[in-house]
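**Q** Just one file: start.cif, with mmCIF, C-alpha atoms.
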```
data_data
#
loop_
_atom_site.label_atom_id
_atom_site.label_comp_id
_atom_site.auth_asym_id
_atom_site.auth_seq_id
_atom_site.Cartn_x
_atom_site.Cartn_y
_atom_site.Cartn_z
CA MET E 763 2.44 -11.62 -3.62
CA CYS E 764 1.48 -8.00 -2.99
CA ALA E 765 -2.05 -8.67 -4.20
CA MET E 766 -2.28 -11.55 -1.75
CA ALA E 767 -0.94 -9.35 1.05
CA SER E 768 -3.50 -6.69 0.20
CA PHE E 769 -6.26 -9.29 0.05
CA SER E 770 -5.26 -10.71 3.44
CA ASP E 771 -6.30 -7.40 5.01
CA ASN E 772 -9.90 -8.38 4.39
CA LEU E 773 -9.51 -11.13 6.97
CA ASN E 774 -8.98 -8.48 9.64
CA SER E 775 -12.14 -7.07 11.19
CA PRO E 776 -11.09 -3.98 13.15
CA SER E 777 -12.87 -2.88 16.31
CA PRO E 778 -11.38 0.51 17.17
CA SER E 779 -12.61 2.62 20.05
CA ALA E 780 -12.30 6.32 20.81
CA GLU E 781 -13.29 8.70 23.55
CA VAL E 782 -12.99 12.49 23.58
CA GLN E 783 -13.62 14.80 26.51
CA VAL E 784 -13.86 18.56 26.28
CA LEU E 785 -12.11 19.50 29.49
CA ASN E 786 -12.39 23.25 29.16
CA ILE E 787 -13.60 26.07 26.94
CA ASN E 788 -10.48 28.22 27.12
CA TRP E 789 -12.10 31.16 25.43
CA PHE E 790 -14.98 31.81 23.08
CA GLN E 791 -15.29 35.02 21.15
CA LYS E 792 -16.38 36.75 18.00
CA GLN E 793 -13.58 37.88 15.73
CA PRO E 794 -13.65 41.50 14.44
CA ASN E 795 -14.72 40.12 11.04
CA GLY E 796 -17.75 38.48 12.60
CA ASN E 797 -16.67 34.85 12.71
CA ASP E 798 -16.99 32.91 15.94
CA GLU E 799 -13.85 31.28 17.27
CA VAL E 800 -13.52 28.94 20.22
CA SER E 801 -10.51 27.41 21.91
CA LEU E 802 -10.96 24.05 23.61
CA THR E 803 -8.90 21.80 25.79
CA LEU E 804 -9.40 18.22 24.71
CA ASN E 805 -8.56 14.85 26.07
CA ILE E 806 -8.48 12.35 23.21
CA SER E 807 -8.03 8.68 23.93
CA ALA E 808 -8.28 6.01 21.29
CA ASP E 809 -7.40 2.39 20.78
CA LEU E 810 -6.71 1.84 17.09
CA GLN E 811 -4.55 -1.27 17.52
CA SER E 812 -6.99 -3.47 15.63
CA LEU E 813 -6.54 -1.31 12.49
CA PHE E 814 -2.96 -2.51 12.17
CA THR E 815 -2.19 -5.65 10.18
CA TRP E 816 1.09 -6.91 8.77
CA ASN E 817 0.32 -4.88 5.64
CA THR E 818 -0.25 -1.53 7.39
CA LYS E 819 2.27 1.22 6.81
CA GLN E 820 0.73 3.89 9.00
CA VAL E 821 -2.58 5.41 10.03
CA PHE E 822 -3.48 9.06 9.70
CA VAL E 823 -6.01 10.17 12.26
CA PHE E 824 -7.78 13.48 12.75
CA LEU E 825 -10.44 14.85 15.02
CA ALA E 826 -13.07 17.05 13.42
CA ALA E 827 -15.83 19.13 14.94
CA GLU E 828 -18.99 18.63 12.90
CA TYR E 829 -22.14 20.70 13.20
CA GLU E 830 -25.03 22.05 11.21
CA THR E 831 -25.74 25.68 10.40
CA PRO E 832 -28.65 27.25 8.47
CA LYS E 833 -26.31 27.82 5.50
CA ASN E 834 -24.48 24.46 5.48
CA SER E 835 -25.91 21.12 6.47
CA LEU E 836 -22.45 19.88 7.44
CA ASN E 837 -19.52 21.92 8.71
CA GLN E 838 -16.34 20.01 9.40
CA ILE E 839 -13.44 21.66 11.20
CA SER E 840 -10.27 19.73 11.84
CA LEU E 841 -9.12 20.38 15.41
CA TRP E 842 -6.26 17.92 15.78
CA ASP E 843 -4.46 15.35 13.68
CA GLY E 844 -1.65 12.87 13.96
CA ILE E 845 0.21 10.10 12.18
CA ILE E 846 0.42 6.77 13.93
CA PRO E 847 3.51 4.98 12.62
CA SER E 848 3.04 1.60 14.28
CA LYS E 849 0.76 -0.61 16.28
CA GLU E 850 2.74 0.18 19.44
CA HIS E 851 1.70 3.83 19.15
CA SER E 852 -1.91 3.15 18.26
CA LYS E 853 -3.29 3.13 21.79
CA PHE E 854 -2.90 6.65 23.02
CA THR E 855 -4.28 9.38 25.24
CA ILE E 856 -3.55 12.97 24.33
CA HIS E 857 -4.26 16.01 26.42
CA THR E 858 -4.15 19.06 24.18
CA SER E 859 -5.77 22.28 23.18
CA ASN E 860 -7.07 22.31 19.61
CA LYS E 861 -4.10 22.17 17.22
CA TYR E 862 -5.97 23.94 14.42
CA ARG E 863 -8.24 26.90 15.03
CA PHE E 864 -11.94 26.26 15.52
CA ILE E 865 -13.48 29.12 13.55
CA ASP E 866 -17.01 29.13 12.19
CA GLN E 867 -17.90 30.69 8.85
CA GLY E 868 -20.20 33.16 10.48
CA SER E 869 -21.57 33.59 13.96
CA ASN E 870 -23.38 30.35 14.65
CA LEU E 871 -21.45 28.78 17.48
CA ARG E 872 -23.23 30.14 20.56
CA GLY E 873 -25.15 27.31 22.20
CA LYS E 874 -24.34 25.09 19.22
CA GLU E 875 -24.58 21.35 19.57
CA PHE E 876 -21.73 19.60 17.79
CA ASN E 877 -20.17 16.19 17.22
CA LEU E 878 -16.54 15.35 17.58
CA THR E 879 -15.66 12.78 14.95
CA LEU E 880 -12.45 10.81 14.93
CA HIS E 881 -11.63 10.07 11.29
CA TRP E 882 -8.81 7.81 10.21
CA HIS E 883 -7.18 6.78 6.96
CA VAL E 884 -5.35 3.46 6.91
CA MET E 885 -2.34 3.47 4.58
CA PRO E 886 -1.34 -0.06 3.64
CA LYS E 887 2.07 -1.11 2.38
CA THR E 888 0.38 -2.44 -0.73
CA GLY E 889 -3.20 -2.03 -1.81
CA LYS E 890 -5.99 0.42 -1.45
CA MET E 891 -6.22 3.06 1.26
CA SER E 892 -9.28 2.85 3.44
CA ALA E 893 -10.95 5.31 5.75
CA SER E 894 -13.50 5.20 8.51
CA LYS E 895 -14.63 7.19 11.55
CA ILE E 896 -16.20 7.18 14.96
CA VAL E 897 -18.78 9.87 15.65
CA ILE E 898 -19.05 11.05 19.25
CA SER E 899 -22.03 13.32 19.73
CA GLY E 900 -23.56 15.39 22.46
CA TYR E 901 -21.22 18.33 22.93
CA HIS E 902 -22.48 21.87 23.48
CA LEU E 903 -20.81 25.24 23.22
CA PRO E 904 -21.74 27.88 25.81
CA GLU E 905 -24.54 30.35 25.17
CA GLU E 906 -22.30 33.35 25.84
CA TYR E 907 -18.87 34.44 24.68
CA ARG E 908 -16.18 34.21 27.34
CA MET L 444 23.84 -23.80 -23.21
CA ASP L 445 22.13 -26.19 -25.61
CA TRP L 446 18.46 -26.20 -26.65
CA GLN L 447 17.41 -28.64 -23.93
CA GLY L 448 19.40 -26.58 -21.43
CA GLN L 449 17.56 -23.41 -22.38
CA LYS L 450 14.23 -25.13 -21.89
CA LEU L 451 15.37 -26.47 -18.53
CA ALA L 452 16.61 -23.02 -17.45
CA GLU L 453 13.28 -21.43 -18.36
CA GLN L 454 11.28 -24.06 -16.49
CA LEU L 455 13.58 -23.90 -13.47
CA MET L 456 13.26 -20.13 -13.34
CA GLN L 457 9.47 -20.20 -13.40
CA LEU L 458 9.27 -22.97 -10.82
CA LEU L 459 11.79 -21.38 -8.44
CA LEU L 460 10.25 -17.90 -8.62
CA LEU L 461 6.79 -19.30 -7.96
CA ALA L 462 8.04 -21.48 -5.12
CA PHE L 463 9.86 -18.57 -3.47
CA ALA L 464 6.79 -16.35 -3.84
CA VAL L 465 4.63 -18.94 -2.08
CA VAL L 466 7.19 -19.53 0.70
CA ALA L 467 7.80 -15.79 1.13
CA PHE L 468 4.09 -15.00 1.39
CA ALA L 469 3.37 -17.85 3.80
CA THR L 470 6.31 -16.94 6.06
CA GLY L 471 5.55 -13.23 5.97
CA TYR L 472 1.88 -13.77 6.72
CA PHE L 473 2.43 -16.14 9.63
CA ILE L 474 5.16 -14.16 11.35
CA GLY L 475 3.36 -10.92 10.45
CA SER L 476 6.33 -9.31 8.75
CA PHE L 477 6.00 -7.71 5.34
CA GLN L 478 9.74 -7.04 5.32
CA MET L 479 10.54 -10.72 5.83
CA MET L 480 8.33 -11.58 2.84
CA ILE L 481 10.25 -9.14 0.64
CA LEU L 482 13.63 -10.35 1.94
CA ILE L 483 12.84 -14.01 1.31
CA TYR L 484 11.59 -13.24 -2.18
CA ALA L 485 14.63 -11.04 -2.93
CA GLY L 486 16.89 -13.88 -1.78
CA GLY L 487 14.90 -16.23 -4.00
CA VAL L 488 15.35 -13.99 -7.04
CA ILE L 489 19.11 -13.85 -6.45
CA LEU L 490 19.36 -17.63 -5.96
CA THR L 491 17.24 -18.23 -9.07
CA SER L 492 19.54 -15.94 -11.07
CA LEU L 493 22.61 -17.83 -9.83
CA ILE L 494 21.05 -21.13 -10.85
CA THR L 495 19.56 -20.23 -14.22
CA VAL L 496 21.77 -17.48 -15.66
CA PRO L 497 25.33 -18.98 -15.68
CA ASN L 498 26.09 -21.69 -18.21
CA TRP L 499 26.26 -24.61 -15.76
CA PRO L 500 27.40 -28.04 -17.06
CA PHE L 501 23.96 -29.56 -16.51
CA PHE L 502 22.57 -27.22 -19.17
CA ASN L 503 24.91 -28.87 -21.71
CA ARG L 504 23.91 -32.52 -21.56
CA HIS L 505 22.43 -32.57 -25.09
CA PRO L 506 25.11 -31.08 -27.35
CA LEU L 507 24.15 -30.46 -30.96
CA LYS L 508 25.49 -33.15 -33.30
CA TRP L 509 26.84 -31.31 -36.33
CA LEU L 510 27.62 -33.31 -39.45
CA ASP L 511 31.27 -34.14 -40.00
CA PRO L 512 33.02 -31.75 -42.47
CA SER L 513 33.77 -34.81 -44.69
CA GLU L 514 30.02 -35.11 -45.35
CA ASP L 515 30.19 -31.82 -47.20
CA GLU L 516 32.73 -33.23 -49.63
CA LYS L 517 30.58 -36.29 -50.31
CA HIS L 518 27.63 -34.10 -51.29
CA PRO L 519 29.09 -31.30 -53.44
CA LYS L 520 27.06 -28.17 -54.15
CA PRO L 521 25.26 -28.08 -57.51
CA GLN L 522 27.16 -26.40 -60.32
CA HIS L 523 26.37 -22.77 -61.04
CA SER L 524 25.39 -23.49 -64.65
CA VAL L 525 22.99 -26.20 -63.55
CA THR L 526 21.16 -23.92 -61.17
CA SER L 527 20.80 -21.17 -63.80
CA ASN L 528 19.38 -23.66 -66.26
CA SER L 529 16.84 -24.98 -63.87
CA LYS L 530 15.74 -21.45 -63.04
CA LYS L 531 15.15 -20.66 -66.71
CA LYS L 532 13.19 -23.87 -67.15
CA SER L 533 11.00 -23.22 -64.18
CA LYS L 534 10.25 -19.72 -65.44
CA LYS L 535 9.12 -21.05 -68.78
#
```
Let's see the structure in the file written out as structure tokens.

**A**
Amino acid sequence: MCAMASFSDNLNSPSPSAEVQVLNINWFQKQPNGNDEVSLTLNISADLQSLFTWNTKQVFVFLAAEYETPKNSLNQISLWDGIIPSKEHSKFTIHTSNKYRFIDQGSNLRGKEFNLTLHWHVMPKTGKMSASKIVISGYHLPEEYR
Amino acid sequence: MDWQGQKLAEQLMQLLLLAFAVVAFATGYFIGSFQMMILIYAGGVILTSLITVPNWPFFNRHPLKWLDPSEDEKHPKPQHSVTSNSKKKSKK
């Protein structure tokens, strides 16, 4: 019965959508230890309703800033996360500053181009967890600290 | 519960559990409720237990026919001496 329920999830083909706006760079500075830190105000809107089936317990979703530096080909910094408990809550718009600090390992953020990626993990009632993401590219940090 | 009754109980149990699993899955899937699937199946397990666990009369339709005690008297056990003799003979 549970195996069948888990299998029935394959019949669902989700088509989630997400949009993120950087409304403001609140401040942008170099910490005394030399790491760049930036504070952003974000407007995150997403429609994840199609991820929910009758076998979905909840969905964990997080927004990560992803960028490349000379030292690391991929830096991922989680800026915000949330747990969506039901389909009714899966279409949302959130206006927030970054929940977790956006700190680079070094001083590479000035003028940096970065992606904001909405990752999500679907937790079913029975069966295997699955994960996917939407990459939204084309964001830039300012050239100067402020 | 006689032998036929035990066989019937076993078959009933398997059939009922399978039937409830199918009904529970179909109902749960079509109304989109995992909880309803579990509830229907739980109800099915309880109902199956009530049907197949107690010793209902319909499990006792084929009582064992034991021989009458008088049959024992008609066929007396072999004498002890006879059995010991035969054992000795067979050993030789």

**Q** Suppose a student applies the PyMOL selection byres ((chain L) within 7 of (chain E)) to this structure; what residues should they get, written as a PyMOL selection string?

**A** chain L and resi 464+468+475-477

**Q** Have a look at atom CA of E:Glu850 and atom CA of E:Gln811 and let me know their distance in Å, one decimal.

**A** 7.7 Å

**Q** How many Å separate atom CA of E:Ser840 from atom CA of E:Trp882?

**A**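 Here the two named atoms are 12.1 Å from each other.
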
**Q** Just to confirm, what's the straight-line distance from atom CA of E:Pro847 to atom CA of E:Ala827 in Å (one decimal)?

**A** 24.1 Å

**Q** Quick one: everything within 10 Å of E:Leu903, counting only C-alpha atoms, minus sequence neighbours fewer than 2 positions away in the same chain. Send it as a PyMOL selection string.

**A** chain E and resi 787+790+800+802+871-876+901+905-907

**Q** Up to 10 Å from (-13.7, 36.5, 22.7) in the file's coordinates: name the residues, counting only C-alpha atoms, as an mmCIF file with C-alpha atoms, in the coordinates of the input.

**A**
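Output (result_3.cif):
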```
data_model
loop_
_atom_site.group_PDB
_atom_site.id
_atom_site.type_symbol
_atom_site.label_atom_id
_atom_site.label_comp_id
_atom_site.auth_asym_id
_atom_site.auth_seq_id
_atom_site.Cartn_x
_atom_site.Cartn_y
_atom_site.Cartn_z
ATOM 1 C CA ASN E 788 -10.480 28.220 27.120
ATOM 2 C CA TRP E 789 -12.100 31.160 25.430
ATOM 3 C CA PHE E 790 -14.980 31.810 23.080
ATOM 4 C CA GLN E 791 -15.290 35.020 21.150
ATOM 5 C CA LYS E 792 -16.380 36.750 18.000
ATOM 6 C CA GLN E 793 -13.580 37.880 15.730
ATOM 7 C CA PRO E 794 -13.650 41.500 14.440
ATOM 8 C CA ASP E 798 -16.990 32.910 15.940
ATOM 9 C CA GLU E 799 -13.850 31.280 17.270
ATOM 10 C CA VAL E 800 -13.520 28.940 20.220
ATOM 11 C CA SER E 801 -10.510 27.410 21.910
ATOM 12 C CA GLU E 906 -22.300 33.350 25.840
ATOM 13 C CA TYR E 907 -18.870 34.440 24.680
ATOM 14 C CA ARG E 908 -16.180 34.210 27.340
#
```

**Q** Just want the 10 Å neighbourhood of L:Asn498, counted on all atoms listed in the file, with same-chain residues fewer than 6 positions away dropped. Output as a short mmCIF file (atom, residue, chain, number, x, y, z; two decimals) with C-alpha atoms, in the frame of the given file.

**A**
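Full text of result-v1.cif as output:
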```cif
data_model
loop_
_atom_site.label_atom_id
_atom_site.label_comp_id
_atom_site.auth_asym_id
_atom_site.auth_seq_id
_atom_site.Cartn_x
_atom_site.Cartn_y
_atom_site.Cartn_z
CA MET L 444 23.84 -23.80 -23.21
CA ASP L 445 22.13 -26.19 -25.61
CA GLY L 448 19.40 -26.58 -21.43
CA GLN L 449 17.56 -23.41 -22.38
CA ALA L 452 16.61 -23.02 -17.45
#
```

**Q** Could you write out as a PyMOL selection string the residues that the PyMOL selection byres ((chain L and resi 505) around 10) matches in the shown file?

**A** chain L and resi 444-448+501-504+506-508

**Q** What's around E:Asn834 at 12 Å? Count all atoms listed in the file, leave out sequence neighbours fewer than 5 positions away in its own chain, and write the answer as a PyMOL selection string.

**A** chain E and resi 828-829+866-868+870

**Q** Can I get N, CA, C and O atoms for stretch 838-849 of chain E, as a short mmCIF file (atom, residue, chain, number, x, y, z; two decimals), in the first residue's frame?

**A**
```
data_model
loop_
_atom_site.label_atom_id
_atom_site.label_comp_id
_atom_site.auth_asym_id
_atom_site.auth_seq_id
_atom_site.Cartn_x
_atom_site.Cartn_y
_atom_site.Cartn_z
N GLN E 838 28.18 28.32 -2.04
CA GLN E 838 26.74 28.35 -1.78
C GLN E 838 26.52 28.89 -0.38
O GLN E 838 27.06 28.35 0.58
N ILE E 839 25.72 29.94 -0.27
CA ILE E 839 25.43 30.51 1.04
C ILE E 839 23.93 30.57 1.20
O ILE E 839 23.23 31.21 0.41
N SER E 840 23.44 29.87 2.21
CA SER E 840 22.01 29.87 2.47
C SER E 840 21.62 31.22 3.07
O SER E 840 22.20 31.66 4.05
N LEU E 841 20.64 31.88 2.46
CA LEU E 841 20.21 33.20 2.93
C LEU E 841 18.88 33.14 3.67
O LEU E 841 18.60 33.97 4.52
N TRP E 842 18.07 32.17 3.31
CA TRP E 842 16.72 32.09 3.90
C TRP E 842 16.26 30.64 3.75
O TRP E 842 16.65 29.95 2.80
N ASP E 843 15.47 30.17 4.69
CA ASP E 843 14.85 28.86 4.51
C ASP E 843 13.48 28.83 5.16
O ASP E 843 13.10 29.76 5.87
N GLY E 844 12.76 27.80 4.88
CA GLY E 844 11.42 27.67 5.44
C GLY E 844 10.89 26.26 5.23
O GLY E 844 11.36 25.53 4.36
N ILE E 845 9.91 25.90 6.07
CA ILE E 845 9.24 24.61 5.93
C ILE E 845 7.81 24.88 5.50
O ILE E 845 7.11 25.67 6.16
N ILE E 846 7.41 24.26 4.41
CA ILE E 846 6.04 24.46 3.94
C ILE E 846 5.24 23.22 4.36
O ILE E 846 5.49 22.12 3.87
N PRO E 847 4.30 23.37 5.28
CA PRO E 847 3.62 22.20 5.84
C PRO E 847 2.48 21.66 4.99
O PRO E 847 2.05 20.53 5.18
N SER E 848 1.96 22.49 4.07
CA SER E 848 0.82 21.99 3.29
C SER E 848 0.70 22.75 1.98
O SER E 848 1.33 23.80 1.78
N LYS E 849 -0.11 22.20 1.12
CA LYS E 849 -0.31 22.80 -0.20
C LYS E 849 -0.86 24.22 -0.09
O LYS E 849 -0.53 25.09 -0.88
#
```
